[in-house]
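**Student:** Have a look at this one.
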Amino acid sequence: MRRFAFAAALLAVASSSHAQNKKDAAAPAPIEWVRIEGGTFYMGTNQGPASSGPARKVTVRTFEISKSEVTVAQFAACARLGECHAMVNDRWRCNSIDPERVNHPINCVDWKNAKRYANFVHARLPTEAEWEFAARSRGKDIAYPWGGEPPTCERAVMNDPDAAPHYGCGALVTSPVCSKRAGNTDQGLCDMAGNVSEWVADRYHANYNGAPPDSSSWEFNATEYPVIRGAAFTHDDESGRLKTTSRHYQFDAPLYTVGFRVARDVPAGR
C-alpha cells in the first residue's frame, strides 16, 4: 500500500476535458449543512447484537451535519494543500483516481485523515450519538433512515441479491452522493445507509454500558479502534448493517468501503 499523490491526481481530473463533459465531474460543491435540532432519544437497541445495546436515554444538543458524505471533489481542496491524504491501492475501488467519480463519496481514507479534513473545513467528525440521532430523523424509533420499509436499491446503494453483479446495486462500486433520495431522513440527510460506511469520532466499546448520557464523543477506557456507522455498497439487509443502530469498529486504515461526513457545533443563540 502506498501513499498516492492525491492532489496531482485531482488537478489532472480538473484539467481533463473528458472529465468536464461527464455528469459526475461537476465543479467541487461547498458542504451543504443540515441543522439537527437537539433532543432526547433512546440510543441503541435491546433487540439486536450486544454491541448495539443496551438501549439508553441520550440527550443530544443541536448541531449541524453535512447533508452528504464528503465527496472526492470536496476532499481534493484539502489534499491539494497537503493537509490530508487518501491512500490508493486499488484502481477499481478507490474513487479518488477515477475522473468519473468526483461526486462519489471519498473512500480509501483512514480515520486520521478524515479528522484532518474535518479540521480543514473548521468542523469535526460527528459523535456516535449524533450520527445515530441524525440517522433516525432526530431519534425516531425506526429501523432505517427512511423508516421501517426494508432496504431496496430505490433507497440505498447496497448489495442487491437480485442484481448482477450484486455490489452497488449492480454497479460494483459506489454511486454519486444523494442519488437515492427515497432513502433520505426527514431532515434531508442522504446515504445514512449504503454507499460507504462512515467514520465517527468515538473509539469502540463492546457495548453501551457506562456510555455518557449526552452526545459527547466516548473515548474513555475504549479500545484503540475507531467506530464506523452505516452500511456500504457491499452490504445487504441480511447483514443488519443498514439498520440505524448497527455499529462496528475498524482498524485506523484506509478502506474502499469506508468514508465519512462532517459535523459542527451550533453557537449559542444561533
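Ligands are numbered from 1 in the order shown, residues from 1 within each chain, and chains are lettered A, B, ... in the order they appear in the C-alpha cells.
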Tell me which protein, DNA and RNA residues are within 6 Å of A:Ala201, counting only C-alpha atoms, leaving out same-chain ones fewer than 2 positions away, and put them as a ChimeraX atom specification.
**Tutor:** /A:125-127
**Student:** Which neighbours of A:Pro49 fall inside 10 Å, counting only C-alpha atoms, when residues of the same chain fewer than 2 positions from it are skipped, and could you give them as a PyMOL selection string?
**Tutor:** chain A and resi 44-47+51-54+207+240+245-247
**Student:** Just want the 12 Å neighbourhood of A:Thr223, counted on only C-alpha atoms, with same-chain residues fewer than 3 positions away dropped. Output as a ChimeraX atom specification.
**Tutor:** /A:202-207,218-220,226-227,249-252
**Student:** For those residues, write N, CA and C atoms to a file as a compact mmCIF listing (two decimals), in the first residue's frame.
**Tutor:**
# COMPACT_ATOMS: atom_id res chain seq x y z
N ASP A 202 -15.89 8.61 17.93
CA ASP A 202 -15.68 7.76 19.08
C ASP A 202 -14.73 6.59 18.81
N ARG A 203 -14.14 6.11 19.90
CA ARG A 203 -13.43 4.82 19.85
C ARG A 203 -14.38 3.74 20.36
N TYR A 204 -14.11 2.52 19.97
CA TYR A 204 -15.07 1.44 20.15
C TYR A 204 -15.07 0.86 21.58
N HIS A 205 -16.29 0.66 22.08
CA HIS A 205 -16.55 -0.13 23.29
C HIS A 205 -17.44 -1.30 22.87
N ALA A 206 -17.37 -2.39 23.58
CA ALA A 206 -18.10 -3.60 23.19
C ALA A 206 -19.60 -3.44 23.33
N ASN A 207 -20.06 -2.52 24.17
CA ASN A 207 -21.48 -2.23 24.33
C ASN A 207 -21.60 -0.84 24.94
N TRP A 218 -17.23 9.35 23.01
CA TRP A 218 -16.91 8.41 24.09
C TRP A 218 -15.59 7.73 23.76
N GLU A 219 -14.54 8.11 24.46
CA GLU A 219 -13.22 7.55 24.21
C GLU A 219 -12.55 7.02 25.48
N PHE A 220 -13.14 7.27 26.63
CA PHE A 220 -12.56 6.84 27.90
C PHE A 220 -12.62 5.32 28.03
N PRO A 226 -11.35 2.93 16.03
CA PRO A 226 -12.43 3.88 15.81
C PRO A 226 -13.73 3.16 15.45
N VAL A 227 -14.83 3.84 15.71
CA VAL A 227 -16.16 3.32 15.38
C VAL A 227 -16.52 3.71 13.95
N TYR A 249 -16.46 -1.62 14.51
CA TYR A 249 -15.17 -0.95 14.67
C TYR A 249 -14.28 -1.34 13.50
N GLN A 250 -13.22 -0.56 13.33
CA GLN A 250 -12.30 -0.83 12.24
C GLN A 250 -10.91 -0.34 12.61
N PHE A 251 -9.88 -1.06 12.18
CA PHE A 251 -8.53 -0.55 12.31
C PHE A 251 -8.45 0.82 11.64
N ASP A 252 -7.60 1.69 12.16
CA ASP A 252 -7.41 3.01 11.54
C ASP A 252 -6.63 2.82 10.24
**Student:** Would you please work out which residue, of A:Gln187, A:Asn221, A:Asn107, A:Ser179, is nearest to A:Pro254 when using only C-alpha atoms?
**Tutor:**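 Closest candidate: A:Asn107.
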**Student:** Taking only C-alpha atoms into account, which of A:Val196, A:Ala73, A:Ala164, A:Cys169 comes nearest A:Ile97?
**Tutor:**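 For A:Ile97, the nearest of the given residues is A:Ala73.
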**Student:** Running DSSP on the backbone, which parts of stretch 12-246 of chain A land in strand (DSSP E), as number ranges by chain?
**Tutor:** A: 33-36, 39-43, 56-60, 63-66, 87-88, 197-203, 226-229
**Student:** Mind pulling up the distance from atom CA of A:Val34 to atom CA of A:Arg138?
**Tutor:**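 If I compute the distance from atom CA of A:Arg138 to atom CA of A:Val34, I get 12.0 Å.
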**Student:** For A:Leu255, please output as a count of residues only all residues within 7 Å (counting only C-alpha atoms; exclusion window: fewer than 2 positions along the same chain).
**Tutor:** 6
**Student:** One decimal, in Å: what's the spacing between atom CA of A:Ala123 and atom CA of A:Asp186?
**Tutor:**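 These two atoms are separated by 22.9 Å.
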**Student:** Write down as a list in words the residues belonging to stretch 112-256 of chain A that are assigned helix (DSSP H, G or I) by DSSP computed on the backbone.
**Tutor:**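 Restricting stretch 112-256 of chain A to helix (DSSP H, G or I) produces Lys112, Asn113, Ala114, Lys115, Arg116, Tyr117, Ala118, Asn119, Phe120, Glu128, Ala129, Glu130, Trp131, Glu132, Phe133, Ala134, Ala135, Tyr167, Gly168, Cys169, Gly170, Arg181, Ala182, Gly183, Asp237, Glu238 and Ser239 of chain A.
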**Student:** Would you compute the distance between atom CA of A:Phe233 and atom CA of A:Asp191? Give it in Å to one decimal.
**Tutor:**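 It comes out at 10.2 Å.
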**Student:** Pick the closest to A:Ile65 from A:Gly188, A:Pro161, A:Gly170, A:Gly147: which is it, counting only C-alpha atoms?
**Tutor:** A:Gly188
**Student:** For a quick check of understanding, using only C-alpha atoms, which of A:Phe41, A:Tyr144, A:Trp111, A:Trp33 has the smallest distance to A:Gly183?
**Tutor:**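 Closest to A:Gly183, using only C-alpha atoms: A:Tyr144.
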**Student:** Using only C-alpha atoms, can you tell me which of A:Val121, A:Ala77, A:Ala129, A:Ala231 comes closest to A:Phe63?
**Tutor:**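 So, comparing all the options, the nearest one is A:Ala129.
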**Student:** Measuring atom to atom with only C-alpha atoms, identify which of A:Cys78, A:Val200, A:Ala135, A:Cys153 is nearest to A:Asn184.
**Tutor:**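 When distances to A:Asn184 are compared using only C-alpha atoms, the smallest one comes from A:Ala135.
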